[in-house]
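final18.cif (mmCIF, C-alpha atoms and all ligand atoms) appears below.
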```cif
data_final
#
loop_
_atom_site.label_atom_id
_atom_site.label_comp_id
_atom_site.auth_asym_id
_atom_site.auth_seq_id
_atom_site.Cartn_x
_atom_site.Cartn_y
_atom_site.Cartn_z
CA MET Y 1 118.71 51.72 55.76
CA ASN Y 2 116.07 49.81 53.82
CA ALA Y 3 112.56 51.29 53.89
CA PRO Y 4 110.00 49.11 55.71
CA LEU Y 5 108.20 46.69 53.40
CA GLU Y 6 104.85 48.55 53.47
CA SER Y 7 106.31 51.84 52.24
CA ARG Y 8 107.99 50.13 49.26
CA GLN Y 9 104.71 48.76 47.92
CA ILE Y 10 103.77 50.05 44.49
CA PRO Y 11 100.67 52.22 44.67
CA ILE Y 12 97.67 50.74 42.88
CA ALA Y 13 95.39 53.11 41.01
CA VAL Y 14 92.05 53.10 42.79
CA GLU Y 15 88.92 54.21 40.96
CA LYS Y 16 87.69 57.39 42.65
CA LYS Y 17 84.43 56.77 44.44
CA SER Y 18 81.68 59.32 44.21
CA SER Y 19 81.16 61.52 47.25
CA PHE Y 20 77.44 61.73 46.41
CA PRO Y 21 74.51 59.34 45.98
CA LEU Y 22 74.31 58.39 42.28
CA ASP Y 23 71.53 56.89 40.14
CA GLN Y 24 69.38 59.71 41.49
CA TRP Y 25 67.44 62.66 40.11
CA TYR Y 26 68.76 66.03 41.26
CA VAL Y 27 67.46 69.53 40.65
CA ALA Y 28 69.43 71.17 37.83
CA ALA Y 29 67.36 74.38 37.58
CA MET Y 30 63.98 75.88 38.22
CA ALA Y 31 61.98 75.79 34.96
CA ARG Y 32 61.63 79.57 34.79
CA GLU Y 33 65.42 79.99 34.85
CA LEU Y 34 65.83 78.34 31.45
CA THR Y 35 64.93 80.82 28.74
CA ASP Y 36 66.74 81.41 25.42
CA LYS Y 37 70.29 81.44 26.83
CA PRO Y 38 72.42 78.47 27.91
CA VAL Y 39 73.05 78.15 31.65
CA ALA Y 40 76.40 76.81 32.96
CA ARG Y 41 76.25 74.90 36.23
CA THR Y 42 78.56 72.38 37.90
CA LEU Y 43 76.50 69.53 39.36
CA LEU Y 44 78.16 66.78 41.47
CA ASN Y 45 81.54 67.86 40.01
CA HIS Y 46 80.22 67.61 36.42
CA PRO Y 47 80.43 70.84 34.39
CA VAL Y 48 77.04 70.92 32.64
CA VAL Y 49 75.35 73.32 30.22
CA LEU Y 50 71.55 73.49 30.36
CA PHE Y 51 69.45 74.87 27.53
CA ARG Y 52 66.06 74.74 25.82
CA THR Y 53 65.66 73.75 22.20
CA GLY Y 54 63.44 75.78 19.84
CA ASP Y 55 60.44 73.60 20.72
CA GLY Y 56 60.96 74.31 24.43
CA ARG Y 57 62.50 71.00 25.45
CA ALA Y 58 65.09 71.18 28.25
CA ALA Y 59 68.45 69.52 27.58
CA ALA Y 60 71.81 69.09 29.35
CA LEU Y 61 75.26 68.44 27.85
CA GLU Y 62 78.79 68.36 29.15
CA ASP Y 63 79.98 71.97 29.07
CA ARG Y 64 82.93 71.45 26.75
CA CYS Y 65 83.14 71.49 22.97
CA CYS Y 66 84.87 68.38 21.63
CA HIS Y 67 86.80 70.50 19.12
CA ARG Y 68 88.93 72.85 21.23
CA SER Y 69 87.23 72.75 24.64
CA LEU Y 70 85.43 76.09 24.71
CA PRO Y 71 82.57 75.84 27.24
CA LEU Y 72 79.41 75.26 25.22
CA SER Y 73 77.69 77.66 27.62
CA CYS Y 74 79.63 80.43 25.75
CA GLY Y 75 77.65 79.52 22.62
CA SER Y 76 74.07 80.12 21.57
CA VAL Y 77 70.84 78.19 21.40
CA GLU Y 78 69.44 77.47 17.94
CA GLY Y 79 66.22 75.74 16.89
CA GLY Y 80 67.49 72.17 17.17
CA GLY Y 81 70.43 72.47 19.54
CA LEU Y 82 73.38 74.41 20.89
CA ARG Y 83 76.04 76.06 18.70
CA CYS Y 84 79.61 76.42 19.97
CA GLY Y 85 80.70 80.05 20.21
CA TYR Y 86 84.19 79.45 18.73
CA HIS Y 87 84.02 77.64 15.35
CA GLY Y 88 80.29 77.03 15.23
CA MET Y 89 79.86 73.28 15.67
CA LEU Y 90 76.19 72.56 16.32
CA TYR Y 91 75.21 69.91 18.89
CA SER Y 92 71.85 68.18 19.22
CA PRO Y 93 70.31 67.58 22.69
CA ASN Y 94 71.64 64.00 22.63
CA GLY Y 95 75.22 65.30 22.37
CA SER Y 96 75.96 64.39 18.75
CA CYS Y 97 77.40 67.07 16.47
CA ILE Y 98 74.95 67.70 13.63
CA GLU Y 99 76.80 70.43 11.74
CA ILE Y 100 80.40 71.55 11.23
CA PRO Y 101 80.37 74.81 9.27
CA GLY Y 102 82.46 74.41 6.07
CA GLN Y 103 82.91 70.63 6.47
CA GLU Y 104 80.59 68.02 5.04
CA LYS Y 105 81.68 64.90 6.85
CA ILE Y 106 81.04 64.79 10.59
CA PRO Y 107 83.46 62.45 12.41
CA ALA Y 108 81.71 59.78 14.50
CA LYS Y 109 83.56 60.92 17.61
CA ALA Y 110 82.33 64.49 17.23
CA ARG Y 111 80.00 64.35 20.21
CA VAL Y 112 79.79 65.34 23.86
CA LYS Y 113 78.29 63.63 26.88
CA SER Y 114 74.55 64.20 27.36
CA TYR Y 115 72.44 63.86 30.50
CA ALA Y 116 68.83 62.69 30.90
CA VAL Y 117 66.63 65.64 31.84
CA ARG Y 118 62.93 65.94 32.75
CA GLU Y 119 60.85 69.04 33.27
CA LYS Y 120 58.15 68.32 35.83
CA ASP Y 121 56.17 70.48 38.27
CA GLN Y 122 58.12 73.56 37.03
CA ILE Y 123 61.43 71.99 38.07
CA ILE Y 124 64.21 70.75 35.75
CA TRP Y 125 65.51 67.42 37.02
CA ILE Y 126 68.75 65.78 35.89
CA TRP Y 127 69.66 62.09 36.28
CA MET Y 128 73.17 61.54 37.62
CA PRO Y 129 74.05 57.93 36.77
CA LYS Y 130 76.51 55.61 38.45
CA GLN Y 131 77.63 54.42 35.07
CA GLU Y 132 77.97 56.92 32.27
CA GLY Y 133 75.36 56.58 29.54
CA THR Y 134 72.90 54.43 31.51
CA ALA Y 135 69.22 55.37 31.39
CA PRO Y 136 67.20 56.52 34.42
CA THR Y 137 65.63 53.69 36.37
CA SER Y 138 62.86 55.85 37.84
CA GLU Y 139 60.92 59.04 37.20
CA PRO Y 140 61.69 62.29 39.08
CA PRO Y 141 59.94 62.95 42.41
CA ASP Y 142 56.49 64.61 42.41
CA TYR Y 143 56.03 68.12 43.72
CA PRO Y 144 52.41 69.09 42.92
CA HIS Y 145 52.22 72.34 44.92
CA HIS Y 146 53.68 74.63 42.21
CA ASP Y 147 50.60 73.95 40.09
CA ASP Y 148 48.02 73.89 42.88
CA PRO Y 149 45.54 76.77 42.36
CA LYS Y 150 45.29 77.20 46.16
CA TYR Y 151 48.84 78.55 46.18
CA LYS Y 152 51.01 81.15 44.49
CA TYR Y 153 54.77 80.81 44.68
CA GLY Y 154 58.04 82.66 44.22
CA PHE Y 155 61.50 81.10 44.02
CA GLY Y 156 65.22 81.70 44.39
CA VAL Y 157 68.49 79.98 43.43
CA TYR Y 158 71.33 80.33 45.92
CA HIS Y 159 74.95 79.26 45.75
CA TYR Y 160 76.46 77.97 48.97
CA ASP Y 161 80.13 77.86 49.92
CA ALA Y 162 79.38 74.91 52.16
CA PRO Y 163 78.77 71.16 51.72
CA TYR Y 164 75.21 70.19 50.80
CA GLN Y 165 74.55 68.13 53.92
CA LEU Y 166 74.88 71.18 56.18
CA ILE Y 167 71.79 72.50 54.38
CA HIS Y 168 69.97 69.20 55.00
CA ASP Y 169 70.86 69.47 58.70
CA ASN Y 170 69.54 73.02 58.88
CA LEU Y 171 66.20 72.23 57.25
CA LEU Y 172 65.56 69.04 59.19
CA ASP Y 173 66.01 70.85 62.46
CA LEU Y 174 63.68 73.84 62.62
CA SER Y 175 64.38 74.41 66.30
CA HIS Y 176 66.84 77.07 65.05
CA LEU Y 177 63.93 79.35 64.05
CA GLY Y 178 63.71 80.90 67.50
CA TYR Y 179 67.39 81.92 67.39
CA VAL Y 180 68.13 82.63 63.71
CA HIS Y 181 64.84 83.94 62.26
CA LEU Y 182 63.31 86.22 64.88
CA LYS Y 183 62.59 88.94 62.28
CA THR Y 184 60.41 86.65 60.11
CA ILE Y 185 59.25 83.13 61.01
CA GLY Y 186 60.89 82.81 64.45
CA GLY Y 187 58.83 83.13 67.57
CA ASN Y 188 59.48 81.97 71.08
CA ALA Y 189 62.85 80.14 71.16
CA ARG Y 190 61.99 77.98 74.17
CA LEU Y 191 58.73 76.84 72.57
CA HIS Y 192 60.68 75.77 69.46
CA MET Y 193 63.22 73.87 71.53
CA THR Y 194 60.59 72.05 73.60
CA ALA Y 195 58.04 71.35 70.84
CA LYS Y 196 56.90 67.75 70.70
CA THR Y 197 58.81 66.28 67.76
CA VAL Y 198 58.03 62.99 66.03
CA VAL Y 199 60.69 61.58 63.70
CA SER Y 200 60.03 58.67 61.33
CA SER Y 201 62.02 57.32 58.41
CA ASP Y 202 62.49 54.61 55.80
CA GLU Y 203 65.40 53.80 53.48
CA ARG Y 204 65.04 56.92 51.35
CA SER Y 205 63.21 59.51 53.43
CA VAL Y 206 62.84 61.09 56.85
CA LYS Y 207 59.79 62.85 58.24
CA VAL Y 208 59.87 65.25 61.16
CA VAL Y 209 56.58 66.58 62.57
CA ARG Y 210 56.47 69.31 65.17
CA LEU Y 211 53.31 70.81 66.68
CA MET Y 212 53.38 74.05 68.63
CA PRO Y 213 49.93 75.02 69.94
CA GLY Y 214 49.69 78.34 71.76
CA SER Y 215 52.45 80.09 69.75
CA THR Y 216 52.80 83.81 69.29
CA PRO Y 217 52.32 84.54 65.56
CA PRO Y 218 55.74 85.53 64.16
CA PRO Y 219 56.13 88.59 61.84
CA THR Y 220 55.70 86.73 58.50
CA TYR Y 221 52.52 85.05 59.75
CA ARG Y 222 51.07 88.37 60.93
CA ALA Y 223 51.92 90.01 57.59
CA ALA Y 224 50.07 87.29 55.69
CA TYR Y 225 47.07 86.42 57.84
CA PRO Y 226 44.93 88.29 60.38
CA PHE Y 227 45.98 86.27 63.43
CA GLY Y 228 45.13 87.46 66.94
CA ASP Y 229 47.54 87.09 69.85
CA ALA Y 230 47.97 83.33 69.53
CA CYS Y 231 48.08 80.64 66.87
CA ASP Y 232 48.60 76.89 66.73
CA ARG Y 233 51.65 76.18 64.55
CA TRP Y 234 52.72 73.01 62.75
CA GLN Y 235 55.86 72.01 60.86
CA GLU Y 236 56.03 68.92 58.66
CA ILE Y 237 59.45 68.32 57.13
CA GLU Y 238 60.00 65.60 54.56
CA PHE Y 239 63.55 64.78 53.57
CA HIS Y 240 64.23 63.02 50.26
CA ILE Y 241 67.65 62.37 48.71
CA SER Y 242 67.60 65.37 46.40
CA HIS Y 243 65.18 67.75 48.09
CA LEU Y 244 63.05 68.55 51.10
CA ALA Y 245 59.36 69.42 51.11
CA ILE Y 246 58.43 71.50 54.16
CA TRP Y 247 54.82 72.28 54.99
CA THR Y 248 54.42 74.80 57.77
CA GLY Y 249 51.67 77.11 58.94
CA ALA Y 250 49.24 77.94 61.68
CA VAL Y 251 45.55 77.89 62.47
CA GLU Y 252 43.55 80.13 64.76
CA PRO Y 253 43.07 78.41 68.13
CA GLY Y 254 39.58 76.94 68.44
CA LYS Y 255 38.78 77.35 64.74
CA ASP Y 256 40.63 74.48 63.06
CA ALA Y 257 42.36 71.41 64.42
CA ILE Y 258 46.13 71.66 63.99
CA ASP Y 259 46.32 68.13 62.51
CA ASP Y 260 43.20 68.19 60.29
CA PRO Y 261 44.44 67.42 56.72
CA ASN Y 262 41.95 70.02 55.37
CA ARG Y 263 42.68 72.67 57.96
CA GLY Y 264 42.35 76.34 57.12
CA GLY Y 265 44.63 79.08 58.41
CA PHE Y 266 47.90 80.18 56.89
CA HIS Y 267 50.02 77.69 54.92
CA MET Y 268 53.56 77.84 53.57
CA ARG Y 269 54.77 75.10 51.23
CA GLY Y 270 58.54 75.19 50.81
CA PHE Y 271 60.44 73.27 48.14
CA HIS Y 272 64.18 72.92 48.82
CA GLY Y 273 66.20 71.29 46.03
CA ILE Y 274 69.75 70.74 47.26
CA THR Y 275 72.28 69.69 44.65
CA PRO Y 276 75.97 69.31 45.46
CA GLU Y 277 78.22 71.41 43.24
CA THR Y 278 81.45 69.96 44.67
CA GLU Y 279 82.33 68.33 48.00
CA SER Y 280 82.51 71.80 49.57
CA SER Y 281 79.81 73.79 47.72
CA ALA Y 282 76.17 73.41 46.76
CA HIS Y 283 73.24 74.81 44.80
CA TYR Y 284 70.08 75.56 46.71
CA PHE Y 285 66.90 75.85 44.62
CA TRP Y 286 64.00 76.96 46.75
CA SER Y 287 60.42 78.00 46.23
CA MET Y 288 57.86 79.23 48.70
CA ALA Y 289 54.14 78.94 48.04
CA SER Y 290 51.44 80.24 50.31
CA ASN Y 291 47.68 80.52 50.33
CA ARG Y 292 45.88 83.85 50.29
CA HIS Y 293 43.50 85.15 52.93
CA PRO Y 294 40.54 86.85 51.14
CA ASP Y 295 41.23 90.14 52.99
CA MET Y 296 45.00 90.03 52.29
CA PRO Y 297 45.33 88.79 48.67
CA GLU Y 298 48.71 90.37 47.93
CA THR Y 299 50.52 88.89 50.88
CA ILE Y 300 52.32 86.19 48.87
CA ASP Y 301 54.76 88.86 47.66
CA THR Y 302 55.50 89.73 51.28
CA VAL Y 303 55.90 86.06 52.13
CA VAL Y 304 58.42 85.53 49.31
CA GLU Y 305 60.37 88.69 50.28
CA GLN Y 306 60.51 87.57 53.89
CA THR Y 307 61.47 84.04 52.83
CA LYS Y 308 64.46 85.46 50.91
CA PHE Y 309 65.48 87.36 54.02
CA THR Y 310 65.08 84.20 56.12
CA PHE Y 311 67.15 82.06 53.75
CA ASP Y 312 69.87 84.72 53.60
CA GLU Y 313 70.09 84.37 57.39
CA ASP Y 314 70.47 80.59 57.03
CA ARG Y 315 73.21 81.01 54.44
CA LEU Y 316 75.18 83.35 56.73
CA VAL Y 317 74.98 80.82 59.56
CA ILE Y 318 75.81 77.75 57.45
CA GLU Y 319 78.74 79.35 55.60
CA ALA Y 320 80.17 80.66 58.89
CA GLN Y 321 79.69 77.19 60.39
CA TYR Y 322 81.61 75.61 57.48
CA ARG Y 323 84.45 78.16 57.66
CA ASN Y 324 84.83 77.32 61.30
CA MET Y 325 84.71 73.58 60.65
CA GLN Y 326 87.69 74.12 58.35
CA ARG Y 327 89.58 76.04 61.07
CA PHE Y 328 88.90 73.35 63.67
CA ASN Y 329 88.23 69.60 63.40
CA GLY Y 330 85.57 69.36 60.70
CA GLN Y 331 82.70 67.44 62.26
CA SER Y 332 84.83 64.78 63.92
CA ASP Y 333 84.09 65.88 67.48
CA TRP Y 334 80.57 67.21 67.21
CA THR Y 335 78.36 66.68 70.27
CA ASP Y 336 74.78 65.62 69.49
CA ILE Y 337 71.76 67.09 71.28
CA HIS Y 338 68.03 66.29 71.11
CA VAL Y 339 67.37 68.35 67.96
CA ASP Y 340 69.69 66.17 65.85
CA ALA Y 341 67.50 63.06 65.50
CA GLY Y 342 66.11 64.02 62.05
CA PRO Y 343 69.39 65.34 60.56
CA ASN Y 344 71.30 62.28 61.79
CA ARG Y 345 68.83 59.87 60.18
CA ALA Y 346 69.20 61.73 56.85
CA ARG Y 347 72.98 61.54 57.14
CA ARG Y 348 72.77 57.76 57.67
CA ILE Y 349 70.59 57.38 54.55
CA VAL Y 350 72.98 59.47 52.44
CA ALA Y 351 76.05 57.63 53.80
CA LYS Y 352 74.55 54.28 52.79
CA LEU Y 353 73.75 55.49 49.28
CA VAL Y 354 77.22 57.01 48.85
CA GLU Y 355 78.69 53.69 49.93
CA ASN Y 356 76.82 52.01 47.05
CA SER Y 357 77.58 54.71 44.48
S1 LIG Y 401 85.96 75.04 20.08
FE1 LIG Y 401 83.92 74.58 19.57
S2 LIG Y 401 83.83 74.61 17.45
FE2 LIG Y 401 85.91 74.98 17.93
FE FE Y 402 66.46 78.56 58.77
#
```

What's the structure tokens form of this structure?
Amino acid sequence: MNAPLESRQIPIAVEKKSSFPLDQWYVAAMARELTDKPVARTLLNHPVVLFRTGDGRAAALEDRCCHRSLPLSCGSVEGGGLRCGYHGMLYSPNGSCIEIPGQEKIPAKARVKSYAVREKDQIIWIWMPKQEGTAPTSEPPDYPHHDDPKYKYGFGVYHYDAPYQLIHDNLLDLSHLGYVHLKTIGGNARLHMTAKTVVSSDERSVKVVRLMPGSTPPPTYRAAYPFGDACDRWQEIEFHISHLAIWTGAVEPGKDAIDDPNRGGFHMRGFHGITPETESSAHYFWSMASNRHPDMPETIDTVVEQTKFTFDEDRLVIEAQYRNMQRFNGQSDWTDIHVDAGPNRARRIVAKLVENS
């Protein structure tokens, strides 16, 4: 019997669309990670090697020698570039080969792909273009808090076996604190779930503000600041395409207004750079900065330790969530509840950008 007409059609090669927003800056590394050794990292499905030249400039190349494909991350950094660890070809930060040991003439095609990189606010940003070789059309986002003398910060770099947007969801919805993080920044679960939440957004960002007056100070807050029995807590979450900036903290009731821009009390400034590795895995670059109470100057170390513990708890939850999504129906039959307003707006922004990438 003849096959129906549709099934006899010749397949047409379709250009694979990106699963991620392109023409965007993403976090490639925290500045302090890049020392005198190359770092291999897959970013948005691109195998990349990151390194610093002798004069301290950060650079990023495709992680594959054009000679016989050894990862360039197996090589070594030299003054002006990166030397392949197999037959010694030396590459400049723009990807061109500048030396072939034992051979005078360098073929024009002896080069590898390079990526635009900027080091700013102690973060290494990489531009992931829609069209290979095109220059950035903007500068990386600002994150001034790493250099603010009011704060001291620590950082971590986590790998996630889960898609990057599950991390966005988690950070845009801090109502989970009362269930997931009781040992550190949790507190009363019902207060978290009923906190007045204001969500606003534009085409590239989402802001979620939650105020929780009359909270019980959670363990991390008590370890860092001499709170009494109660505190007035705030959470301001800003979502941007490549990262979130989360400003949380608490004031002593009656001392400072919870919404005064110059309020005192205890402050935590979290940076959360979220860069897809593949469709099903991600890099999570975080830092946590806090202010110091004059009587408790060393507490930032405690805050960073407890932050690590907190983010380990998130990773357990999110990776378990993703494993279960794979066993069941993905996210096709999720039921929304009131805490999802912020995460859903971020998902709509990302979906639109992916559509245009
Ligand atoms: S594989 Fe790199 S120089 Fe041969
Ligand atoms: Fe969390």

Hey, which residues sit close to ligand LIG 401 (chain Y)? Say within 7 Å, counting all atoms listed in the file, and write them as a ChimeraX atom specification. /Y:65-70,84-89

Give me the residues near Leu244 (chain Y) as an MDAnalysis selection string, where near means some atom within 7 Å (using all atoms listed in the file) and where sequence neighbours in that chain fewer than 4 positions away do not count. chainID Y and resid 238:240 271:273

Residues just named, written with C-alpha atoms as a PDB file, in the coordinates of the input:
```pdb
ATOM      1  CA  GLU Y 238      60.000  65.600  54.560  1.00  0.00           C
ATOM      2  CA  PHE Y 239      63.550  64.780  53.570  1.00  0.00           C
ATOM      3  CA  HIS Y 240      64.230  63.020  50.260  1.00  0.00           C
ATOM      4  CA  PHE Y 271      60.440  73.270  48.140  1.00  0.00           C
ATOM      5  CA  HIS Y 272      64.180  72.920  48.820  1.00  0.00           C
ATOM      6  CA  GLY Y 273      66.200  71.290  46.030  1.00  0.00           C
TER       7      GLY Y 273
END
```

Could you check the closest approach to ligand FE 402 (chain Y) for each of Y:Ala108, Y:Ile185, Y:Leu43, Y:Ala257 and tell me which residue wins, using only C-alpha atoms and all ligand atoms?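 When distances to ligand FE 402 (chain Y) are compared using only C-alpha atoms and all ligand atoms, the smallest one comes from Y:Ile185.
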
Excluding region 163-177 of chain Y and its own-chain neighbours fewer than 5 positions away, which residues fall within 7 Å of it when counting all atoms listed in the file? Please give them as a ChimeraX atom specification. /Y:182,185-186,192-193,237,274-276,279-282,318,339-340,342-343

Please provide the set of residues having any atom within 10 Å of Phe227 (chain Y), restricted to only C-alpha atoms, with same-chain residues fewer than 4 positions apart removed, written as a VMD selection string. chain Y and resid 216 to 218 221 to 223 231 250 to 253 265 to 266

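Nearest to Tyr284 (chain Y) of all the residues Y:Ile124, Y:Leu211, Y:Ile300, Y:Val157 is Y:Val157, counting all atoms listed in the file.
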
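Checking Y:Glu236, Y:Asp259, Y:Asp312, Y:Glu355 one by one against ligand FE 402 (chain Y), counting only C-alpha atoms and all ligand atoms, you find the shortest gap at Y:Asp312.
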
Please compute the CA of Thr299 (chain Y)-CA of Arg269 (chain Y) distance, one decimal, in Å. 14.4 Å

Would you kindly return, as a PyMOL selection string, each protein, DNA or RNA residue with an atom no farther than 12 Å from any atom of Arg52 (chain Y), considering all atoms listed in the file and excluding same-chain residues fewer than 6 positions away? chain Y and resi 29+31-39+58-61+76-82+92-93+117-119+124

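Distances to ligand FE 402 (chain Y) were evaluated for Y:Thr194, Y:Thr184, Y:Ser215, Y:Thr310 using all atoms listed in the file, and the minimum falls at Y:Thr310.
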
Find, counting only C-alpha atoms, the residue in Y:Lys150, Y:Lys196, Y:Lys105, Y:His145 that gets nearest to Pro294 (chain Y). Y:Lys150

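Between CA of Pro226 (chain Y) and CA of Tyr143 (chain Y) the separation is 28.4 Å.
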
Because the input lacks atoms here, generate N, CA and C atoms for region 338-352 of chain Y and report them as a PDB file, keeping the file's coordinate frame.
```pdb
ATOM      1  N   HIS Y 338      69.325  66.901  71.458  1.00  0.00           N
ATOM      2  CA  HIS Y 338      68.030  66.290  71.110  1.00  0.00           C
ATOM      3  C   HIS Y 338      67.514  66.707  69.741  1.00  0.00           C
ATOM      4  N   VAL Y 339      67.930  67.881  69.232  1.00  0.00           N
ATOM      5  CA  VAL Y 339      67.370  68.350  67.960  1.00  0.00           C
ATOM      6  C   VAL Y 339      67.964  67.628  66.744  1.00  0.00           C
ATOM      7  N   ASP Y 340      68.943  66.759  66.972  1.00  0.00           N
ATOM      8  CA  ASP Y 340      69.690  66.170  65.850  1.00  0.00           C
ATOM      9  C   ASP Y 340      69.118  64.859  65.324  1.00  0.00           C
ATOM     10  N   ALA Y 341      68.007  64.383  65.894  1.00  0.00           N
ATOM     11  CA  ALA Y 341      67.500  63.060  65.500  1.00  0.00           C
ATOM     12  C   ALA Y 341      67.198  63.014  63.990  1.00  0.00           C
ATOM     13  N   GLY Y 342      66.459  64.009  63.477  1.00  0.00           N
ATOM     14  CA  GLY Y 342      66.110  64.020  62.050  1.00  0.00           C
ATOM     15  C   GLY Y 342      67.345  64.150  61.162  1.00  0.00           C
ATOM     16  N   PRO Y 343      68.178  65.192  61.384  1.00  0.00           N
ATOM     17  CA  PRO Y 343      69.390  65.340  60.560  1.00  0.00           C
ATOM     18  C   PRO Y 343      70.273  64.089  60.569  1.00  0.00           C
ATOM     19  N   ASN Y 344      70.415  63.446  61.729  1.00  0.00           N
ATOM     20  CA  ASN Y 344      71.300  62.280  61.790  1.00  0.00           C
ATOM     21  C   ASN Y 344      70.749  61.105  60.993  1.00  0.00           C
ATOM     22  N   ARG Y 345      69.407  60.958  60.989  1.00  0.00           N
ATOM     23  CA  ARG Y 345      68.830  59.870  60.180  1.00  0.00           C
ATOM     24  C   ARG Y 345      69.094  60.139  58.700  1.00  0.00           C
ATOM     25  N   ALA Y 346      68.946  61.393  58.266  1.00  0.00           N
ATOM     26  CA  ALA Y 346      69.200  61.730  56.850  1.00  0.00           C
ATOM     27  C   ALA Y 346      70.653  61.449  56.506  1.00  0.00           C
ATOM     28  N   ARG Y 347      71.558  61.785  57.403  1.00  0.00           N
ATOM     29  CA  ARG Y 347      72.980  61.540  57.140  1.00  0.00           C
ATOM     30  C   ARG Y 347      73.257  60.037  56.997  1.00  0.00           C
ATOM     31  N   ARG Y 348      72.561  59.223  57.788  1.00  0.00           N
ATOM     32  CA  ARG Y 348      72.770  57.760  57.670  1.00  0.00           C
ATOM     33  C   ARG Y 348      72.277  57.254  56.313  1.00  0.00           C
ATOM     34  N   ILE Y 349      71.134  57.795  55.859  1.00  0.00           N
ATOM     35  CA  ILE Y 349      70.590  57.380  54.550  1.00  0.00           C
ATOM     36  C   ILE Y 349      71.574  57.760  53.439  1.00  0.00           C
ATOM     37  N   VAL Y 350      72.064  58.999  53.483  1.00  0.00           N
ATOM     38  CA  VAL Y 350      72.980  59.470  52.440  1.00  0.00           C
ATOM     39  C   VAL Y 350      74.281  58.649  52.477  1.00  0.00           C
ATOM     40  N   ALA Y 351      74.793  58.382  53.676  1.00  0.00           N
ATOM     41  CA  ALA Y 351      76.050  57.630  53.800  1.00  0.00           C
ATOM     42  C   ALA Y 351      75.922  56.247  53.154  1.00  0.00           C
ATOM     43  N   LYS Y 352      74.775  55.614  53.349  1.00  0.00           N
ATOM     44  CA  LYS Y 352      74.550  54.280  52.790  1.00  0.00           C
ATOM     45  C   LYS Y 352      74.514  54.345  51.257  1.00  0.00           C
TER      46      LYS Y 352
END
```
